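Chemist: Contents are compact mmCIF, C-alpha atoms; file name model.txt:
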```
# COMPACT_ATOMS: atom_id res chain seq x y z
CA MET A 1 7.07 7.59 -17.29
CA ARG A 2 8.54 5.49 -20.06
CA TRP A 3 10.49 2.95 -18.15
CA MET A 4 11.73 0.72 -21.02
CA ARG A 5 13.75 3.28 -22.97
CA ALA A 6 16.36 2.65 -25.60
CA ALA A 7 19.42 4.84 -25.09
CA GLY A 8 19.68 7.56 -27.67
CA ARG A 9 16.26 6.84 -29.14
CA GLY A 10 13.98 7.80 -26.29
CA LEU A 11 10.78 6.40 -27.84
CA LEU A 12 9.49 2.86 -27.71
CA ALA A 13 7.38 1.51 -30.53
CA LEU A 14 4.45 -0.86 -30.62
CA ALA A 15 5.97 -3.95 -32.22
CA VAL A 16 3.32 -6.60 -31.64
CA VAL A 17 -0.31 -5.68 -31.12
CA LEU A 18 -2.63 -7.91 -29.18
CA THR A 19 -4.64 -8.88 -32.26
CA GLY A 20 -1.47 -10.15 -33.90
CA TYR A 21 -0.59 -11.96 -30.70
CA VAL A 22 -3.89 -13.87 -30.68
CA ALA A 23 -3.78 -14.47 -34.42
CA ALA A 24 -0.35 -16.01 -34.09
CA GLY A 25 -1.93 -18.89 -32.27
CA VAL A 26 -0.72 -18.22 -28.74
CA PRO A 27 -3.17 -20.02 -26.48
CA THR A 28 -5.35 -18.08 -24.09
CA GLY A 29 -7.33 -19.15 -21.06
CA GLY A 30 -6.77 -19.44 -17.35
CA ALA A 31 -4.14 -21.40 -15.47
CA GLU A 32 -4.16 -25.10 -16.29
CA PRO A 33 -4.63 -27.51 -13.37
CA GLY A 34 -1.22 -28.91 -12.49
CA GLY A 35 0.31 -26.92 -15.32
CA GLY A 36 3.33 -25.59 -13.45
CA ARG A 37 5.60 -25.90 -16.47
CA GLY A 38 5.10 -25.19 -20.13
CA PRO A 39 5.01 -22.38 -22.72
CA MET A 40 4.65 -18.78 -21.54
CA THR A 41 4.00 -15.26 -22.67
CA LEU A 42 5.95 -12.22 -21.46
CA ALA A 43 4.15 -8.90 -21.75
CA THR A 44 6.28 -5.77 -21.82
CA ALA A 45 6.48 -2.29 -23.25
CA GLY A 46 8.19 -2.09 -26.64
CA ASP A 47 11.86 -3.00 -27.06
CA LEU A 48 13.15 -0.70 -29.79
CA THR A 49 16.76 -1.87 -29.53
CA GLY A 50 15.70 -5.46 -30.16
CA TYR A 51 17.92 -6.89 -27.44
CA LEU A 52 15.18 -8.79 -25.60
CA GLY A 53 14.26 -11.08 -28.50
CA PRO A 54 17.75 -12.64 -28.74
CA VAL A 55 17.90 -12.92 -24.94
CA LEU A 56 14.67 -14.91 -24.96
CA GLU A 57 15.90 -17.02 -27.88
CA GLY A 58 18.65 -18.24 -25.56
CA TRP A 59 16.02 -19.37 -23.07
CA ASN A 60 13.93 -21.02 -25.79
CA ARG A 61 16.86 -23.02 -27.13
CA ALA A 62 17.61 -24.34 -23.65
CA HIS A 63 13.92 -24.93 -22.76
CA PRO A 64 12.13 -26.18 -25.89
CA ALA A 65 9.11 -27.35 -23.84
CA GLU A 66 8.85 -24.01 -22.00
CA LYS A 67 9.22 -21.50 -24.81
CA VAL A 68 8.34 -17.89 -24.13
CA THR A 69 6.49 -15.66 -26.58
CA LEU A 70 7.24 -11.94 -26.30
CA VAL A 71 4.25 -9.60 -26.45
CA GLU A 72 5.21 -5.94 -26.89
CA LEU A 73 2.55 -3.48 -25.78
CA PRO A 74 2.26 0.24 -26.68
CA ASP A 75 4.93 2.80 -25.84
CA SER A 76 2.67 4.77 -23.55
CA ALA A 77 2.93 3.62 -19.93
CA ASP A 78 -0.77 4.37 -19.45
CA GLU A 79 -1.74 2.20 -22.43
CA THR A 80 0.59 -0.61 -21.39
CA ARG A 81 -0.85 -0.57 -17.89
CA ALA A 82 -4.42 -0.51 -19.23
CA GLN A 83 -3.87 -3.53 -21.48
CA MET A 84 -2.20 -5.49 -18.70
CA ILE A 85 -5.01 -4.71 -16.26
CA THR A 86 -7.67 -5.67 -18.81
CA ASP A 87 -6.08 -9.10 -19.11
CA LEU A 88 -5.54 -9.49 -15.38
CA ARG A 89 -9.12 -8.54 -14.54
CA SER A 90 -10.52 -10.89 -17.16
CA GLY A 91 -8.85 -13.91 -15.57
CA GLU A 92 -8.04 -15.27 -19.03
CA GLY A 93 -4.34 -15.55 -18.26
CA ARG A 94 -3.05 -14.57 -21.69
CA PHE A 95 0.01 -13.05 -19.99
CA ASP A 96 2.07 -15.30 -17.72
CA LEU A 97 4.90 -12.92 -16.91
CA LEU A 98 4.60 -9.13 -16.72
CA ASN A 99 7.36 -6.56 -17.03
CA ILE A 100 5.76 -3.77 -14.98
CA ASP A 101 6.76 -0.25 -14.01
CA VAL A 102 8.19 -0.28 -10.50
CA ALA A 103 5.38 2.04 -9.35
CA TRP A 104 2.71 -0.51 -10.24
CA THR A 105 3.87 -3.32 -7.96
CA SER A 106 1.84 -2.26 -4.92
CA GLU A 107 -1.31 -1.66 -6.96
CA PHE A 108 -1.09 -5.01 -8.77
CA ALA A 109 -0.28 -6.90 -5.55
CA ALA A 110 -3.08 -5.28 -3.55
CA ALA A 111 -5.56 -6.18 -6.29
CA GLY A 112 -4.44 -9.82 -6.28
CA TRP A 113 -3.34 -9.65 -9.92
CA ILE A 114 0.21 -10.88 -9.32
CA ALA A 115 1.37 -13.84 -7.26
CA PRO A 116 3.68 -13.66 -4.22
CA LEU A 117 7.21 -14.96 -4.73
CA GLU A 118 9.72 -16.73 -2.51
CA CYS A 119 12.63 -14.43 -1.63
CA GLY A 120 15.14 -17.27 -1.46
CA ARG A 121 14.53 -18.26 -5.06
CA PHE A 122 16.14 -15.12 -6.46
CA PRO A 123 19.58 -13.50 -5.93
CA LEU A 124 18.21 -10.39 -4.22
CA GLU A 125 21.40 -9.96 -2.18
CA SER A 126 23.28 -9.33 -5.45
CA PHE A 127 21.05 -6.40 -6.43
CA LEU A 128 21.49 -2.74 -5.60
CA PRO A 129 19.63 -2.58 -2.25
CA PRO A 130 17.08 0.18 -2.98
CA VAL A 131 15.67 -1.59 -6.04
CA VAL A 132 14.42 -4.54 -3.98
CA ASP A 133 12.02 -2.31 -2.05
CA THR A 134 10.16 -1.49 -5.28
CA ALA A 135 9.23 -5.18 -5.63
CA THR A 136 7.60 -5.57 -2.21
CA TYR A 137 4.14 -4.92 -0.84
CA ASP A 138 2.83 -5.35 2.71
CA GLY A 139 6.01 -7.14 3.75
CA GLY A 140 5.98 -9.66 0.90
CA LEU A 141 7.87 -10.06 -2.38
CA TYR A 142 5.54 -9.76 -5.38
CA ALA A 143 8.03 -9.11 -8.16
CA VAL A 144 11.75 -9.21 -8.90
CA PRO A 145 13.68 -6.13 -10.05
CA TYR A 146 14.77 -6.38 -13.68
CA VAL A 147 15.83 -2.88 -14.77
CA THR A 148 16.51 0.11 -12.55
CA ASN A 149 16.88 3.81 -13.19
CA ALA A 150 17.60 7.01 -11.31
CA GLY A 151 17.48 10.64 -12.28
CA MET A 152 20.76 12.42 -12.93
CA LEU A 153 21.83 16.02 -13.43
CA PHE A 154 23.33 16.62 -16.87
CA TYR A 155 25.41 19.79 -17.10
CA ARG A 156 27.47 21.73 -19.61
CA LYS A 157 30.98 20.85 -18.52
CA ASP A 158 32.56 23.17 -21.07
CA VAL A 159 30.67 26.17 -19.70
CA LEU A 160 31.38 25.46 -16.04
CA ASP A 161 35.05 24.72 -16.80
CA ARG A 162 35.34 28.07 -18.57
CA GLU A 163 33.89 29.74 -15.47
CA GLY A 164 36.16 27.75 -13.14
CA GLN A 165 33.16 26.21 -11.37
CA ARG A 166 32.21 22.67 -10.41
CA PRO A 167 28.82 21.07 -11.09
CA PRO A 168 26.36 21.91 -8.32
CA ARG A 169 26.01 19.70 -5.29
CA THR A 170 23.23 21.72 -3.65
CA TRP A 171 20.10 23.55 -4.77
CA ALA A 172 21.68 26.86 -3.81
CA GLU A 173 24.65 26.21 -6.12
CA LEU A 174 22.37 25.07 -8.95
CA GLU A 175 20.15 28.11 -8.56
CA ARG A 176 23.10 30.52 -8.47
CA GLN A 177 24.71 29.04 -11.57
CA ALA A 178 21.38 28.80 -13.42
CA ARG A 179 20.65 32.48 -12.63
CA THR A 180 24.12 33.94 -13.27
CA VAL A 181 26.15 31.67 -15.56
CA ALA A 182 23.45 30.43 -17.95
CA PRO A 183 22.36 33.89 -19.23
CA GLU A 184 25.96 34.82 -20.05
CA TYR A 185 26.01 31.98 -22.59
CA GLY A 186 22.48 32.45 -23.87
CA LEU A 187 21.29 29.31 -22.10
CA GLY A 188 18.22 28.41 -20.10
CA GLY A 189 19.14 27.55 -16.54
CA TYR A 190 17.49 24.29 -15.51
CA ALA A 191 14.79 21.95 -16.78
CA GLY A 192 13.26 18.61 -15.97
CA GLN A 193 10.05 16.91 -17.02
CA PHE A 194 7.39 19.39 -15.95
CA LEU A 195 4.39 18.67 -18.16
CA PRO A 196 1.53 17.23 -16.05
CA TYR A 197 2.16 13.50 -16.56
CA GLU A 198 4.07 10.77 -14.73
CA GLY A 199 7.37 12.55 -15.29
CA LEU A 200 6.20 15.51 -13.21
CA THR A 201 5.17 13.12 -10.42
CA VAL A 202 8.77 11.89 -10.43
CA ASN A 203 10.28 15.39 -10.47
CA ALA A 204 7.98 16.61 -7.70
CA ALA A 205 8.63 13.54 -5.56
CA GLU A 206 12.38 14.01 -6.00
CA ALA A 207 12.10 17.60 -4.79
CA VAL A 208 10.09 16.55 -1.73
CA TYR A 209 12.39 13.60 -0.95
CA SER A 210 15.52 15.68 -1.43
CA ALA A 211 14.23 18.17 1.16
CA GLY A 212 13.77 15.30 3.61
CA GLY A 213 10.03 14.83 3.19
CA THR A 214 7.73 12.01 2.13
CA ILE A 215 4.36 11.82 0.42
CA LEU A 216 2.71 8.64 1.73
CA GLY A 217 3.50 6.10 4.42
CA ASP A 218 2.31 2.65 5.44
CA GLU A 219 1.69 1.42 1.88
CA GLY A 220 -0.50 4.44 1.12
CA GLU A 221 -2.65 4.33 4.27
CA ARG A 222 -1.02 7.39 5.86
CA VAL A 223 -0.64 10.81 4.22
CA THR A 224 2.66 12.45 5.17
CA VAL A 225 3.04 15.19 2.58
CA ASP A 226 1.85 18.12 4.73
CA SER A 227 5.32 19.09 5.96
CA ALA A 228 7.87 21.86 5.82
CA ALA A 229 10.03 19.62 3.64
CA ALA A 230 7.29 19.22 1.03
CA ARG A 231 6.72 22.98 1.00
CA GLU A 232 10.45 23.51 0.54
CA GLY A 233 10.62 21.00 -2.31
CA LEU A 234 7.67 22.42 -4.26
CA GLY A 235 8.88 25.91 -3.42
CA PHE A 236 12.23 25.19 -5.07
CA LEU A 237 10.52 24.26 -8.34
CA ALA A 238 7.97 27.07 -8.20
CA ARG A 239 10.65 29.65 -7.41
CA GLY A 240 12.66 28.53 -10.42
CA VAL A 241 9.82 29.34 -12.80
CA ARG A 242 8.92 32.54 -10.98
CA ASP A 243 12.49 33.85 -11.04
CA GLY A 244 13.20 32.69 -14.59
CA TRP A 245 16.03 30.19 -14.10
CA ILE A 246 13.57 27.44 -15.03
CA PRO A 247 12.31 28.45 -18.50
CA LYS A 248 8.52 28.57 -18.78
CA GLU A 249 8.83 26.36 -21.85
CA ALA A 250 10.00 23.59 -19.51
CA LEU A 251 6.42 23.32 -18.21
CA THR A 252 5.69 21.57 -21.55
CA TYR A 253 8.63 19.14 -21.39
CA LYS A 254 8.51 15.37 -21.16
CA GLU A 255 11.68 13.26 -21.35
CA GLU A 256 12.26 13.69 -25.05
CA GLU A 257 11.55 17.42 -25.25
CA SER A 258 13.91 18.09 -22.36
CA ARG A 259 16.62 15.85 -23.80
CA GLN A 260 16.37 17.59 -27.16
CA ALA A 261 16.61 21.02 -25.54
CA PHE A 262 19.80 20.01 -23.75
CA GLN A 263 21.52 18.36 -26.71
CA ASP A 264 20.54 21.30 -28.93
CA GLY A 265 22.62 23.48 -26.61
CA ARG A 266 19.73 25.39 -25.01
CA LEU A 267 20.20 24.45 -21.35
CA LEU A 268 22.93 24.64 -18.74
CA PHE A 269 21.37 21.93 -16.54
CA LEU A 270 18.92 19.10 -17.16
CA ARG A 271 17.40 16.49 -14.91
CA ASN A 272 16.79 13.31 -16.94
CA TRP A 273 17.30 9.54 -16.97
CA PRO A 274 20.62 7.98 -18.05
CA TYR A 275 19.27 7.13 -21.50
CA ALA A 276 19.79 10.80 -22.42
CA TYR A 277 23.57 10.31 -22.24
CA ALA A 278 23.77 8.45 -25.55
CA GLY A 279 21.69 10.99 -27.47
CA ALA A 280 23.68 13.91 -26.09
CA SER A 281 26.88 12.12 -27.14
CA GLY A 282 25.66 11.41 -30.68
CA ALA A 283 26.81 12.87 -33.96
CA GLN A 284 23.77 15.16 -34.22
CA SER A 285 24.24 16.62 -30.73
CA LYS A 286 25.63 20.12 -30.30
CA VAL A 287 26.97 19.24 -26.85
CA ALA A 288 28.77 15.98 -27.65
CA GLY A 289 31.98 15.86 -25.63
CA LYS A 290 30.96 19.03 -23.76
CA PHE A 291 28.78 17.71 -20.93
CA GLY A 292 28.88 15.55 -17.84
CA ALA A 293 26.43 13.84 -15.49
CA VAL A 294 26.34 13.83 -11.68
CA PRO A 295 23.83 12.84 -8.99
CA LEU A 296 20.97 15.25 -8.34
CA PRO A 297 21.63 18.06 -5.86
CA GLY A 298 19.48 18.81 -2.81
CA PRO A 299 19.12 21.56 -0.21
CA GLY A 300 22.47 21.71 1.53
CA ARG A 301 23.29 18.09 0.65
CA ALA A 302 23.04 15.56 -2.14
CA GLY A 303 19.53 15.08 -3.47
CA THR A 304 17.35 11.98 -3.65
CA SER A 305 16.28 10.55 -6.98
CA VAL A 306 13.11 8.58 -7.54
CA LEU A 307 13.74 5.02 -8.63
CA GLY A 308 12.64 4.19 -12.13
CA GLY A 309 12.83 0.91 -13.95
CA SER A 310 10.75 -2.22 -14.15
CA ASN A 311 10.01 -5.38 -12.19
CA LEU A 312 9.09 -8.88 -13.35
CA ALA A 313 5.92 -10.33 -11.86
CA VAL A 314 4.02 -13.59 -12.33
CA SER A 315 0.33 -13.22 -13.14
CA SER A 316 -2.04 -14.80 -10.63
CA HIS A 317 -3.64 -16.48 -13.66
CA ALA A 318 -0.37 -17.69 -15.22
CA ARG A 319 -0.78 -20.98 -17.08
CA HIS A 320 2.68 -22.18 -16.11
CA PRO A 321 3.86 -20.25 -13.03
CA GLU A 322 6.85 -22.52 -12.28
CA SER A 323 8.31 -21.85 -15.71
CA ALA A 324 7.59 -18.14 -15.27
CA ARG A 325 9.54 -18.05 -12.00
CA ASP A 326 12.48 -19.82 -13.63
CA LEU A 327 12.38 -17.31 -16.48
CA ILE A 328 12.64 -14.49 -13.94
CA ALA A 329 15.75 -16.12 -12.48
CA TYR A 330 17.22 -16.36 -16.00
CA LEU A 331 16.47 -12.72 -16.86
CA THR A 332 18.02 -11.47 -13.62
CA SER A 333 21.16 -13.63 -13.90
CA GLU A 334 24.43 -11.74 -14.17
CA ARG A 335 25.00 -12.89 -17.76
CA VAL A 336 21.65 -11.58 -18.96
CA GLN A 337 21.87 -8.43 -16.85
CA ARG A 338 25.13 -7.63 -18.61
CA ARG A 339 23.28 -7.85 -21.92
CA VAL A 340 20.50 -5.62 -20.53
CA LEU A 341 23.12 -2.87 -20.29
CA SER A 342 25.46 -3.65 -23.18
CA GLU A 343 22.76 -4.46 -25.77
CA GLY A 344 19.67 -2.77 -24.37
CA ALA A 345 21.39 0.29 -22.87
CA LEU A 346 19.22 -0.09 -19.75
CA PRO A 347 20.60 0.17 -16.19
CA PRO A 348 20.90 -3.32 -14.66
CA VAL A 349 19.94 -4.27 -11.12
CA ARG A 350 23.09 -6.32 -10.42
CA ALA A 351 25.42 -4.24 -8.22
CA ALA A 352 28.69 -5.79 -9.43
CA LEU A 353 28.18 -4.61 -13.01
CA TYR A 354 28.49 -0.95 -11.98
CA GLY A 355 32.16 -1.50 -11.15
CA ASP A 356 33.04 -3.59 -14.20
CA PRO A 357 35.96 -1.79 -15.93
CA ALA A 358 34.86 -2.70 -19.45
CA LEU A 359 31.32 -1.50 -18.87
CA VAL A 360 32.45 1.71 -17.15
CA ALA A 361 34.71 2.46 -20.11
CA ARG A 362 31.75 2.11 -22.43
CA PHE A 363 29.20 3.77 -20.14
CA PRO A 364 31.18 6.37 -18.13
CA TYR A 365 28.12 7.54 -16.19
CA LEU A 366 27.83 4.19 -14.36
CA PRO A 367 29.63 5.25 -11.13
CA ALA A 368 27.47 8.37 -10.81
CA LEU A 369 24.37 6.35 -11.65
CA ARG A 370 25.22 3.79 -8.97
CA GLU A 371 25.54 6.62 -6.44
CA SER A 372 22.16 7.98 -7.53
CA VAL A 373 20.44 4.59 -7.30
CA LEU A 374 21.87 3.89 -3.84
CA ALA A 375 20.47 7.21 -2.60
CA ALA A 376 17.16 6.86 -4.43
CA ALA A 377 13.68 6.14 -3.09
CA PRO A 378 10.59 4.58 -4.68
CA ARG A 379 7.58 6.57 -5.74
CA PRO A 380 4.75 6.65 -3.19
CA LYS A 381 3.40 3.14 -2.64
CA SER A 382 -0.36 2.87 -2.88
CA PRO A 383 -3.01 0.44 -4.14
CA HIS A 384 -4.41 3.51 -5.88
CA TYR A 385 -1.15 4.67 -7.41
CA GLU A 386 -2.70 6.06 -10.60
CA GLN A 387 -4.92 8.45 -8.62
CA VAL A 388 -2.01 9.40 -6.35
CA SER A 389 0.17 10.24 -9.34
CA LEU A 390 -2.55 12.33 -10.98
CA ALA A 391 -2.98 14.33 -7.78
CA VAL A 392 0.75 14.95 -7.36
CA GLN A 393 1.31 16.08 -10.94
CA ALA A 394 -1.74 18.37 -11.00
CA VAL A 395 -0.80 20.10 -7.76
CA ALA A 396 2.88 20.41 -8.67
CA HIS A 397 2.04 21.92 -12.05
CA ASP A 398 -0.30 24.48 -10.49
CA ALA A 399 2.43 25.50 -8.06
CA MET A 400 5.04 25.83 -10.81
CA ALA A 401 2.63 27.74 -13.04
CA GLN A 402 2.09 30.20 -10.14
CA HIS A 403 -1.59 29.30 -9.83
CA GLN A 404 -1.13 28.38 -6.17
CA THR A 405 1.50 29.08 -3.56
CA PRO A 406 3.59 26.06 -2.54
CA GLU A 407 1.97 26.24 0.90
CA ALA A 408 -1.55 26.10 -0.51
CA ALA A 409 -0.54 23.42 -3.00
CA VAL A 410 0.79 21.14 -0.27
CA ARG A 411 -2.39 21.55 1.80
CA ARG A 412 -4.51 20.75 -1.24
CA LEU A 413 -2.38 17.70 -2.05
CA ALA A 414 -2.70 16.41 1.52
CA ASP A 415 -6.48 16.70 1.31
CA GLU A 416 -6.66 14.95 -2.05
CA LEU A 417 -4.37 12.13 -0.95
CA ALA A 418 -6.39 11.64 2.23
CA ALA A 419 -9.54 11.20 0.12
CA ILE A 420 -7.72 8.65 -2.06
CA ALA A 421 -6.45 6.74 0.98
CA ARG A 422 -10.02 6.40 2.32
CA ARG A 423 -10.99 4.43 -0.80
CA ARG A 424 -9.19 1.32 0.47
```
Using the file provided, produce a representation of the structure as structure tokens.

Modeler:
Amino acid sequence: MRWMRAAGRGLLALAVVLTGYVAAGVPTGGAEPGGGRGPMTLATAGDLTGYLGPVLEGWNRAHPAEKVTLVELPDSADETRAQMITDLRSGEGRFDLLNIDVAWTSEFAAAGWIAPLECGRFPLESFLPPVVDTATYDGGLYAVPYVTNAGMLFYRKDVLDREGQRPPRTWAELERQARTVAPEYGLGGYAGQFLPYEGLTVNAAEAVYSAGGTILGDEGERVTVDSAAAREGLGFLARGVRDGWIPKEALTYKEEESRQAFQDGRLLFLRNWPYAYAGASGAQSKVAGKFGAVPLPGPGRAGTSVLGGSNLAVSSHARHPESARDLIAYLTSERVQRRVLSEGALPPVRAALYGDPALVARFPYLPALRESVLAAAPRPKSPHYEQVSLAVQAVAHDAMAQHQTPEAAVRRLADELAAIARRR
């Protein structure tokens, strides 16, 4: 999943490649003895809006002896993760601070690649409570939340208003409207991100969580997915494709394809991240001024989103870890978090900003997003998260493509996750 997205653009570019980074004269090598303070590097996925550079310039002006160099890695989460892990395994310490996907925290901590942090050093009590859990592993704090995210249901407000109906709060309501209302207007019913990649892991986990189930417990040591709730969650998605209110084309959608389908006026409902709001409101959108966004529905109650976003972690081989920890405190301060939203169009982790009148006026989805984040849950925690995600997305796709029944798919997933858990 692309967790550093620019609102309305959807794609993140490679701005600085590693060869350029080394050629620029940034020193490499392991942590210096006694070198708690000094220059740093911050490795992150690309920042297409360009907000992060000016934010770091503010730090550099105030800390001339502890300047930070920004290293932007490829757009692809898999490539970003691979380049970070290559550096971390090498022990060279080229990266001091890492902006990592929230799902990677457990894996990086279990491998000893990132250093534990002191809870009291950071304003965790000021953050939205669920986001803090994404930064912990085995009872300890190994990162600090920087950006959060939660899935939302985008809907055609003009269509539902014309029908005298409210946006769905339950799966039954969504299914009924997707089956009956959407065809009357020549629309597909519902779509998410259903191509086999990280986005499908998120969508499948949300379906399982919303039904009251879980996938893993005890930091990945216990497999909990073989449940009636998991069968209900995967069954909801599989039934949608089988009965036609999820278009088969949606099985090829990632974030951008699904966003484009909605803003081109081809869908009644779309599950996506908040970044899609800006694009759907733009001048080129056919649904500008005609849509709304609400929390995800669930079976008989509100649904549960999966938390997205990123966390800041200090490399175990950081050259200047004290400076890196201070930089985390700076980047999670309320002033900078305001800029994360207003200039970067990324959901902040500071709870107070979601009720700020000026920000709500500019980003009207903030109250609904806050509700979604507060009800959200992290992706399954595991030291082997990559393998877990691959298993979830493969099984979910087979169920949605009607290659397996939801019941058989859940049993298969339980077996595959058990084999992964035994690798510890």

Chemist: Excluding same-chain residues fewer than 2 positions from range 57-59 of chain A, what lies within 10 Å of it counting all atoms listed in the file, as a list in words?

Modeler: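 In the requested form, the answer reads Leu52, Gly53, Pro54, Val55, Arg61, Ala62, His63, Pro64, Glu66, Lys67, Val68, Thr69, Leu327, Tyr330, Leu331 and Val336 of chain A.
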
Chemist: Name the closest residue to Ala302 in chain A among the candidates A:Pro123, A:Gly91, A:Gly50, A:Pro168; distances are taken between atoms, counting all atoms listed in the file.

Modeler: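 Distance minimum relative to Ala302 in chain A lands on A:Pro168.
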
Chemist: Pick from A:Pro357, A:Gly235, A:Pro183, A:Pro145: nearest to Gln337 in chain A, with all atoms listed in the file counted?

Modeler: A:Pro145

Chemist: Residues proximal to (22.4, 4.6, -21.3) were defined as those with any atom within 6 Å of that point in the file's coordinates, counting all atoms listed in the file. Which are they, as a ChimeraX atom specification?

Modeler: /A:7,274-275,277-278,345-346

Chemist: Which residues are close to Leu128 in chain A, i.e. within 12 Å by all atoms listed in the file, leaving aside same-chain residues fewer than 6 positions away? Reply as a list in words.

Modeler: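 These residues fall inside the cut-off: Thr134, Pro145, Tyr146, Val147, Thr148, Asn149, Ala150, Leu307, Pro347, Pro348, Val349, Arg350, Ala351, Ala352, Leu353, Tyr354, Leu369, Arg370, Glu371, Ser372, Val373, Leu374, Ala375 and Ala376 of chain A.
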
Chemist: Given the choices A:Val410, A:Ile328, A:Val202, A:Gly300, which gets closest to Leu42 in chain A if the distance is worked out from all atoms listed in the file?

Modeler: A:Ile328

Chemist: Between A:Leu97, A:Ala414, A:Met84, A:Ala43, which has the minimum distance to Ala318 in chain A (counting all atoms listed in the file)?

Modeler: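 The answer is A:Leu97, which sits nearest to Ala318 in chain A.
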
Chemist: So which residues touch range 222-231 of chain A within 10 Å, counting only C-alpha atoms, skipping near sequence neighbours fewer than 2 positions away, as JSON, numbers by chain?

Modeler: {"A": [204, 205, 207, 208, 209, 210, 211, 212, 213, 214, 215, 216, 217, 218, 219, 220, 233, 234, 235, 236, 382, 405, 406, 407, 408, 409, 410, 411, 412, 413, 414, 415, 416, 417, 418, 419, 420, 421, 422]}

Chemist: I'd like the contact shell of Leu187 in chain A - 12 Å cut-off, all atoms listed in the file, skipping same-chain residues fewer than 5 positions apart - returned as a list in words.

Modeler: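 Contacts, with the query itself left out: Tyr155, Arg156, Val159, Gln177, Ala178, Arg179, Thr180, Val181, Ala182, Gly244, Trp245, Ile246, Pro247, Ala261, Phe262, Gln263, Asp264, Gly265, Arg266, Leu267, Leu268, Phe269 and Leu270 of chain A.
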
Chemist: Using only C-alpha atoms, which residue out of A:Leu160, A:Leu56, A:Met400, A:Val306 lies closest to Thr201 in chain A?

Modeler: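 Once distances to Thr201 in chain A are computed over only C-alpha atoms, the minimum belongs to A:Val306.
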
Chemist: Calculated over only C-alpha atoms, which of the candidates A:Leu88, A:Leu117, A:Ala238, A:Leu341 has the smallest distance to Ala401 in chain A?

Modeler: A:Ala238

Chemist: Report as a list of chain:residue names all protein, DNA and RNA residues lying within 7 Å of Leu153 in chain A, evaluated on all atoms listed in the file, omitting residues in the same chain fewer than 5 positions from it.

Modeler: A:Phe269, A:Leu270, A:Arg271, A:Asn272, A:Ala293, A:Val294, A:Pro295, A:Leu296

Chemist: Please, what distance in Å, to one decimal, runs between CA of Phe108 in chain A and CA of Phe95 in chain A?

Modeler: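 For CA of Phe108 in chain A relative to CA of Phe95 in chain A, the distance reads 13.8 Å.
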
Chemist: How many Å lie between CA of Ser316 in chain A and CA of Tyr137 in chain A, rounded to one decimal?

Modeler: 15.2 Å

Chemist: Please report the interatomic distance between CA of Met40 in chain A and CA of His320 in chain A in Å with one decimal.

Modeler: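 These atoms are spaced 6.7 Å apart.
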
Chemist: Produce the centre coordinates and the three edge lengths, each in Å to one decimal, of the box along x, y and z that contains all listed atoms of range 150-157 of chain A with 5 Å added on each side, as JSON.

Modeler:
```
{"center_x": 24.2, "center_y": 14.4, "center_z": -15.5, "size_x": 23.5, "size_y": 24.7, "size_z": 18.3}
```
